[in-house]
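Enquirer: So here's input-v1.txt, just compact mmCIF, C-alpha atoms:
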```txt
# COMPACT_ATOMS: atom_id res chain seq x y z
CA MET A 788 196.02 9.50 115.70
CA PRO A 789 198.06 9.30 118.92
CA ASP A 790 196.57 8.28 122.22
CA PRO A 791 195.56 11.40 124.27
CA PHE A 792 197.60 10.12 127.25
CA ASP A 793 200.66 8.93 125.37
CA PRO A 794 203.67 8.80 127.74
CA ALA A 795 205.94 9.65 124.79
CA GLU A 796 204.89 13.26 125.22
CA PHE A 797 206.75 13.34 128.49
CA ASP A 798 210.04 12.23 126.94
CA ALA A 799 212.25 15.28 126.95
CA PRO A 800 216.02 15.57 127.11
CA PRO A 801 217.11 14.95 130.68
CA PRO A 802 217.76 18.16 132.63
CA SER A 803 221.19 18.77 134.17
CA ASP A 804 219.86 18.97 137.73
CA PRO A 805 219.05 16.37 140.41
CA GLY A 806 215.47 16.13 139.07
CA ALA A 807 216.82 14.16 136.13
CA ASP A 808 216.35 11.02 138.22
CA TYR A 809 212.63 11.22 137.60
CA ARG A 810 213.11 10.33 133.91
CA THR A 811 214.37 6.97 135.09
CA LEU A 812 211.19 6.64 137.10
CA LEU A 813 209.03 7.40 134.03
CA ASP A 814 210.87 4.74 131.99
CA ALA A 815 210.34 2.23 134.79
CA MET A 816 206.62 3.04 134.88
CA ARG A 817 206.33 2.26 131.17
CA LYS A 818 208.31 -0.95 131.36
CA ALA A 819 207.70 -2.70 134.62
CA GLY A 820 204.30 -1.71 135.85
CA ALA A 821 203.48 -1.18 139.51
CA GLU A 822 206.06 -3.57 140.94
CA GLY A 823 208.95 -2.08 138.95
CA VAL A 824 207.77 1.39 139.86
CA ALA A 825 207.82 0.51 143.56
CA GLN A 826 211.40 -0.75 143.28
CA GLN A 827 212.48 2.38 141.39
CA VAL A 828 210.71 4.64 143.88
CA ALA A 829 212.44 2.86 146.78
CA ALA A 830 215.85 3.21 145.10
CA LEU A 831 215.18 6.86 144.34
CA ALA A 832 214.03 7.52 147.92
CA GLN A 833 217.18 5.85 149.26
CA LYS A 834 219.36 8.01 147.00
CA ILE A 835 217.52 11.14 148.11
CA GLU A 836 218.03 10.15 151.77
CA GLN A 837 221.75 9.59 151.16
CA ASP A 838 222.01 12.99 149.48
CA ALA A 839 220.18 14.58 152.41
CA ARG A 840 222.55 12.91 154.90
CA GLN A 841 225.54 14.03 152.86
CA ARG A 842 224.23 17.62 152.81
CA ALA A 843 223.58 17.49 156.56
CA GLU A 844 227.15 16.29 157.14
CA TRP A 845 228.56 19.04 154.92
CA THR A 846 226.41 21.60 156.74
CA ALA A 847 227.71 20.37 160.11
CA GLN A 848 231.31 20.58 158.84
CA ALA A 849 230.66 24.08 157.51
CA GLY A 850 229.18 25.05 160.90
CA VAL A 851 232.32 23.80 162.64
CA GLY A 852 234.41 25.82 160.19
CA VAL A 853 232.32 28.94 160.77
CA ASN A 854 232.66 28.55 164.54
CA ALA A 855 236.43 28.20 164.15
CA LEU A 856 236.49 31.37 162.03
CA HIS A 857 234.49 33.25 164.68
CA ARG A 858 236.90 32.11 167.39
CA ALA A 859 239.90 33.13 165.25
CA ALA A 860 238.33 36.54 164.54
CA GLY A 861 237.74 37.10 168.26
CA GLU A 862 241.30 36.10 169.07
CA LEU A 863 242.62 38.39 166.32
CA GLN A 864 240.59 41.26 167.74
CA ARG A 865 242.00 40.63 171.24
CA VAL A 866 245.56 40.43 169.89
CA SER A 867 245.03 43.61 167.86
CA ALA A 868 243.84 45.45 170.97
CA GLY A 869 246.87 44.15 172.87
CA VAL A 870 249.23 45.31 170.12
CA TRP A 871 247.59 48.76 170.13
CA TRP A 872 248.01 48.98 173.92
CA ASP A 873 251.68 47.90 173.65
CA ARG A 874 252.34 50.57 171.00
CA LEU A 875 250.71 53.21 173.20
CA LYS A 876 252.88 52.20 176.15
CA GLU A 877 255.98 52.36 173.93
CA TRP A 878 255.09 55.89 172.76
CA ILE A 879 254.45 57.05 176.33
CA THR A 880 257.75 55.53 177.49
CA ALA A 881 259.62 57.19 174.63
CA ALA A 882 258.01 60.55 175.43
CA LEU A 883 258.97 60.26 179.13
CA ILE A 884 262.55 59.33 178.24
CA GLY A 885 262.71 62.29 175.85
CA LEU A 886 261.41 64.64 178.53
CA GLY A 887 263.95 63.28 181.01
CA LEU A 888 266.76 63.88 178.52
CA ILE A 889 265.56 67.43 177.86
CA PHE A 890 265.38 68.10 181.61
CA ALA A 891 268.89 66.69 182.13
CA ALA A 892 270.25 68.82 179.28
CA ALA A 893 268.59 71.93 180.75
CA LEU A 894 270.15 71.21 184.15
CA ALA A 895 273.57 70.69 182.57
CA TYR A 896 273.26 73.95 180.64
CA ARG A 897 272.19 75.80 183.78
CA TRP A 898 275.11 74.31 185.71
CA ALA A 899 277.50 75.33 182.91
CA GLN A 900 276.23 78.92 183.15
CA GLU A 901 276.92 79.22 186.89
CA PRO A 902 280.17 80.81 187.97
CA LYS A 903 283.07 78.51 188.59
CA ILE A 904 284.06 77.83 192.16
CA GLU A 905 287.57 79.05 192.82
CA ARG A 906 290.01 77.13 194.95
CA GLN A 907 291.17 80.34 196.56
CA LEU A 908 289.38 81.76 199.60
CA TYR A 909 288.50 85.45 199.64
CA GLY A 910 287.76 87.84 202.44
CA CYS A 911 286.07 91.22 202.66
CA THR A 912 288.34 94.23 203.38
CA ALA A 913 285.62 96.56 204.67
CA LYS A 914 282.43 96.13 206.60
CA TRP A 915 280.37 93.01 206.06
CA ASP A 916 276.64 93.62 205.94
CA ALA A 917 275.15 90.57 207.64
CA LYS A 918 271.62 91.56 206.75
CA THR A 919 272.14 91.63 202.98
CA GLN A 920 275.09 89.23 203.00
CA THR A 921 277.23 91.66 200.97
CA CYS A 922 280.72 93.14 201.31
CA LYS A 923 280.96 96.95 201.44
CA GLY A 924 284.59 96.88 200.41
CA LYS A 925 286.85 94.80 198.15
CA TRP A 926 287.43 91.10 198.08
CA VAL A 927 290.98 89.99 198.68
CA PRO A 928 292.52 86.51 198.69
CA LEU A 929 293.12 85.15 202.17
CA TYR A 930 296.23 83.29 201.13
CA GLU A 931 298.53 83.37 198.15
CA GLN A 932 298.22 80.69 195.56
CA GLN A 933 301.49 78.89 194.90
CA PRO A 934 302.56 78.31 191.34
```
Using structure tokens, write down the structure that the file contains.
Expert:
Amino acid sequence: MPDPFDPAEFDAPPPSDPGADYRTLLDAMRKAGAEGVAQQVAALAQKIEQDARQRAEWTAQAGVGVNALHRAAGELQRVSAGVWWDRLKEWITAALIGLGLIFAAALAYRWAQEPKIERQLYGCTAKWDAKTQTCKGKWVPLYEQQP
């Protein structure tokens, strides 16, 4: 009949997590007694402290990386706003240039529709109405044009 507190009951396949180190501690308790256990506990505590320091260092590095990502995201947002503003200014400039060209074309068309200025001077044969600025008679050339 086995002993009711047989340590063999606690022998199980080692788990695949960091708690597997405790199996080593159980073996040391069986073999070395209190002094061996103290040495194993000290070694295990030192390993746990090293792991904790390593995790703290990784966390600090990750924090630095996260801060860099936040700065880059803020810069990207500022640049994006600047690009949007530049595009808006380009569209407004293009619209103003287009309106200027349309206005210039309208003026040119209007000028083309006006009567041509002759090189010959004309005079009124009858009364000139100064009030309405019109001739009551015919217009005749004041001098003959030479061929």
Enquirer: Would you list the residues near (288.6, 93.2, 198.1), meaning any protein, DNA or RNA residue with an atom at most 9 Å from that point in file coordinates, counting only C-alpha atoms, as an MDAnalysis selection string?
Expert: chainID A and resid 909:913 922 924:928
Enquirer: Just give me the gap between atom CA of A:Leu813 and atom CA of A:Asp838 in Å, one decimal is fine.
Expert: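 Between these atoms lies a distance of 20.9 Å.
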Enquirer: At what distance in Å, to one decimal, does atom CA of A:Ala825 lie from atom CA of A:Thr811?
Expert: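 It comes out at 12.5 Å.
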Enquirer: Save N, CA and C atoms of stretch 820-862 of chain A from the block above as an mmCIF file, in the first residue's frame.
Expert:
```
data_model
loop_
_atom_site.group_PDB
_atom_site.id
_atom_site.type_symbol
_atom_site.label_atom_id
_atom_site.label_comp_id
_atom_site.auth_asym_id
_atom_site.auth_seq_id
_atom_site.Cartn_x
_atom_site.Cartn_y
_atom_site.Cartn_z
ATOM 1 N N GLY A 820 16.801 17.718 0.202
ATOM 2 C CA GLY A 820 16.354 18.178 1.511
ATOM 3 C C GLY A 820 16.265 19.692 1.532
ATOM 4 N N ALA A 821 16.279 20.269 2.701
ATOM 5 C CA ALA A 821 16.045 21.698 2.882
ATOM 6 C C ALA A 821 17.143 22.554 2.256
ATOM 7 N N GLU A 822 18.384 22.134 2.371
ATOM 8 C CA GLU A 822 19.470 22.938 1.820
ATOM 9 C C GLU A 822 19.424 22.973 0.300
ATOM 10 N N GLY A 823 19.183 21.843 -0.327
ATOM 11 C CA GLY A 823 19.078 21.784 -1.788
ATOM 12 C C GLY A 823 17.873 22.576 -2.285
ATOM 13 N N VAL A 824 16.800 22.514 -1.484
ATOM 14 C CA VAL A 824 15.603 23.250 -1.864
ATOM 15 C C VAL A 824 15.892 24.745 -1.833
ATOM 16 N N ALA A 825 16.603 25.216 -0.845
ATOM 17 C CA ALA A 825 16.926 26.635 -0.731
ATOM 18 C C ALA A 825 17.751 27.092 -1.926
ATOM 19 N N GLN A 826 18.719 26.251 -2.336
ATOM 20 C CA GLN A 826 19.530 26.619 -3.506
ATOM 21 C C GLN A 826 18.673 26.665 -4.771
ATOM 22 N N GLN A 827 17.788 25.691 -4.926
ATOM 23 C CA GLN A 827 16.921 25.659 -6.113
ATOM 24 C C GLN A 827 15.956 26.841 -6.120
ATOM 25 N N VAL A 828 15.421 27.156 -4.926
ATOM 26 C CA VAL A 828 14.494 28.285 -4.834
ATOM 27 C C VAL A 828 15.225 29.580 -5.192
ATOM 28 N N ALA A 829 16.448 29.753 -4.716
ATOM 29 C CA ALA A 829 17.219 30.950 -5.028
ATOM 30 C C ALA A 829 17.488 31.059 -6.534
ATOM 31 N N ALA A 830 17.852 29.916 -7.150
ATOM 32 C CA ALA A 830 18.115 29.916 -8.595
ATOM 33 C C ALA A 830 16.834 30.243 -9.367
ATOM 34 N N LEU A 831 15.730 29.637 -8.912
ATOM 35 C CA LEU A 831 14.456 29.898 -9.582
ATOM 36 C C LEU A 831 14.038 31.362 -9.409
ATOM 37 N N ALA A 832 14.230 31.924 -8.231
ATOM 38 C CA ALA A 832 13.884 33.319 -7.988
ATOM 39 C C ALA A 832 14.732 34.244 -8.869
ATOM 40 N N GLN A 833 16.015 33.906 -9.002
ATOM 41 C CA GLN A 833 16.896 34.710 -9.850
ATOM 42 C C GLN A 833 16.444 34.657 -11.308
ATOM 43 N N LYS A 834 16.038 33.470 -11.766
ATOM 44 C CA LYS A 834 15.568 33.340 -13.154
ATOM 45 C C LYS A 834 14.274 34.137 -13.354
ATOM 46 N N ILE A 835 13.382 34.082 -12.360
ATOM 47 C CA ILE A 835 12.135 34.830 -12.458
ATOM 48 C C ILE A 835 12.410 36.335 -12.492
ATOM 49 N N GLU A 836 13.381 36.792 -11.692
ATOM 50 C CA GLU A 836 13.749 38.214 -11.704
ATOM 51 C C GLU A 836 14.330 38.630 -13.059
ATOM 52 N N GLN A 837 15.180 37.759 -13.625
ATOM 53 C CA GLN A 837 15.741 38.062 -14.945
ATOM 54 C C GLN A 837 14.641 38.144 -16.002
ATOM 55 N N ASP A 838 13.692 37.195 -15.930
ATOM 56 C CA ASP A 838 12.568 37.230 -16.875
ATOM 57 C C ASP A 838 11.755 38.507 -16.700
ATOM 58 N N ALA A 839 11.543 38.914 -15.452
ATOM 59 C CA ALA A 839 10.776 40.131 -15.185
ATOM 60 C C ALA A 839 11.520 41.363 -15.728
ATOM 61 N N ARG A 840 12.852 41.416 -15.546
ATOM 62 C CA ARG A 840 13.628 42.520 -16.087
ATOM 63 C C ARG A 840 13.563 42.555 -17.613
ATOM 64 N N GLN A 841 13.669 41.344 -18.194
ATOM 65 C CA GLN A 841 13.601 41.252 -19.659
ATOM 66 C C GLN A 841 12.241 41.745 -20.157
ATOM 67 N N ARG A 842 11.159 41.341 -19.480
ATOM 68 C CA ARG A 842 9.824 41.796 -19.883
ATOM 69 C C ARG A 842 9.684 43.301 -19.699
ATOM 70 N N ALA A 843 10.253 43.837 -18.617
ATOM 71 C CA ALA A 843 10.193 45.288 -18.397
ATOM 72 C C ALA A 843 10.945 46.030 -19.508
ATOM 73 N N GLU A 844 12.082 45.491 -19.915
ATOM 74 C CA GLU A 844 12.854 46.112 -20.996
ATOM 75 C C GLU A 844 12.083 46.062 -22.312
ATOM 76 N N TRP A 845 11.470 44.926 -22.593
ATOM 77 C CA TRP A 845 10.675 44.800 -23.819
ATOM 78 C C TRP A 845 9.485 45.751 -23.787
ATOM 79 N N THR A 846 8.860 45.891 -22.609
ATOM 80 C CA THR A 846 7.730 46.798 -22.473
ATOM 81 C C THR A 846 8.173 48.237 -22.719
ATOM 82 N N ALA A 847 9.333 48.611 -22.180
ATOM 83 C CA ALA A 847 9.849 49.966 -22.395
ATOM 84 C C ALA A 847 10.130 50.195 -23.887
ATOM 85 N N GLN A 848 10.725 49.201 -24.540
ATOM 86 C CA GLN A 848 11.000 49.334 -25.977
ATOM 87 C C GLN A 848 9.703 49.444 -26.770
ATOM 88 N N ALA A 849 8.700 48.647 -26.371
ATOM 89 C CA ALA A 849 7.405 48.721 -27.053
ATOM 90 C C ALA A 849 6.771 50.095 -26.828
ATOM 91 N N GLY A 850 6.921 50.648 -25.615
ATOM 92 C CA GLY A 850 6.385 51.978 -25.329
ATOM 93 C C GLY A 850 7.044 53.039 -26.194
ATOM 94 N N VAL A 851 8.364 52.920 -26.384
ATOM 95 C CA VAL A 851 9.076 53.859 -27.253
ATOM 96 C C VAL A 851 8.551 53.729 -28.685
ATOM 97 N N GLY A 852 8.338 52.487 -29.121
ATOM 98 C CA GLY A 852 7.807 52.262 -30.465
ATOM 99 C C GLY A 852 6.408 52.831 -30.629
ATOM 100 N N VAL A 853 5.573 52.657 -29.611
ATOM 101 C CA VAL A 853 4.210 53.188 -29.668
ATOM 102 C C VAL A 853 4.242 54.711 -29.717
ATOM 103 N N ASN A 854 5.106 55.328 -28.924
ATOM 104 C CA ASN A 854 5.237 56.786 -28.960
ATOM 105 C C ASN A 854 5.689 57.266 -30.339
ATOM 106 N N ALA A 855 6.626 56.537 -30.939
ATOM 107 C CA ALA A 855 7.084 56.905 -32.289
ATOM 108 C C ALA A 855 5.942 56.778 -33.292
ATOM 109 N N LEU A 856 5.122 55.736 -33.152
ATOM 110 C CA LEU A 856 3.977 55.568 -34.047
ATOM 111 C C LEU A 856 2.973 56.703 -33.873
ATOM 112 N N HIS A 857 2.735 57.125 -32.626
ATOM 113 C CA HIS A 857 1.819 58.239 -32.377
ATOM 114 C C HIS A 857 2.348 59.526 -33.008
ATOM 115 N N ARG A 858 3.650 59.775 -32.861
ATOM 116 C CA ARG A 858 4.232 60.963 -33.476
ATOM 117 C C ARG A 858 4.104 60.902 -34.995
ATOM 118 N N ALA A 859 4.383 59.729 -35.574
ATOM 119 C CA ALA A 859 4.283 59.580 -37.035
ATOM 120 C C ALA A 859 2.840 59.767 -37.495
ATOM 121 N N ALA A 860 1.883 59.245 -36.738
ATOM 122 C CA ALA A 860 0.471 59.410 -37.115
ATOM 123 C C ALA A 860 0.072 60.883 -37.058
ATOM 124 N N GLY A 861 0.528 61.596 -36.033
ATOM 125 C CA GLY A 861 0.232 63.027 -35.949
ATOM 126 C C GLY A 861 0.846 63.800 -37.102
ATOM 127 N N GLU A 862 2.079 63.467 -37.439
ATOM 128 C CA GLU A 862 2.751 64.129 -38.565
ATOM 129 C C GLU A 862 2.025 63.822 -39.878
#
```
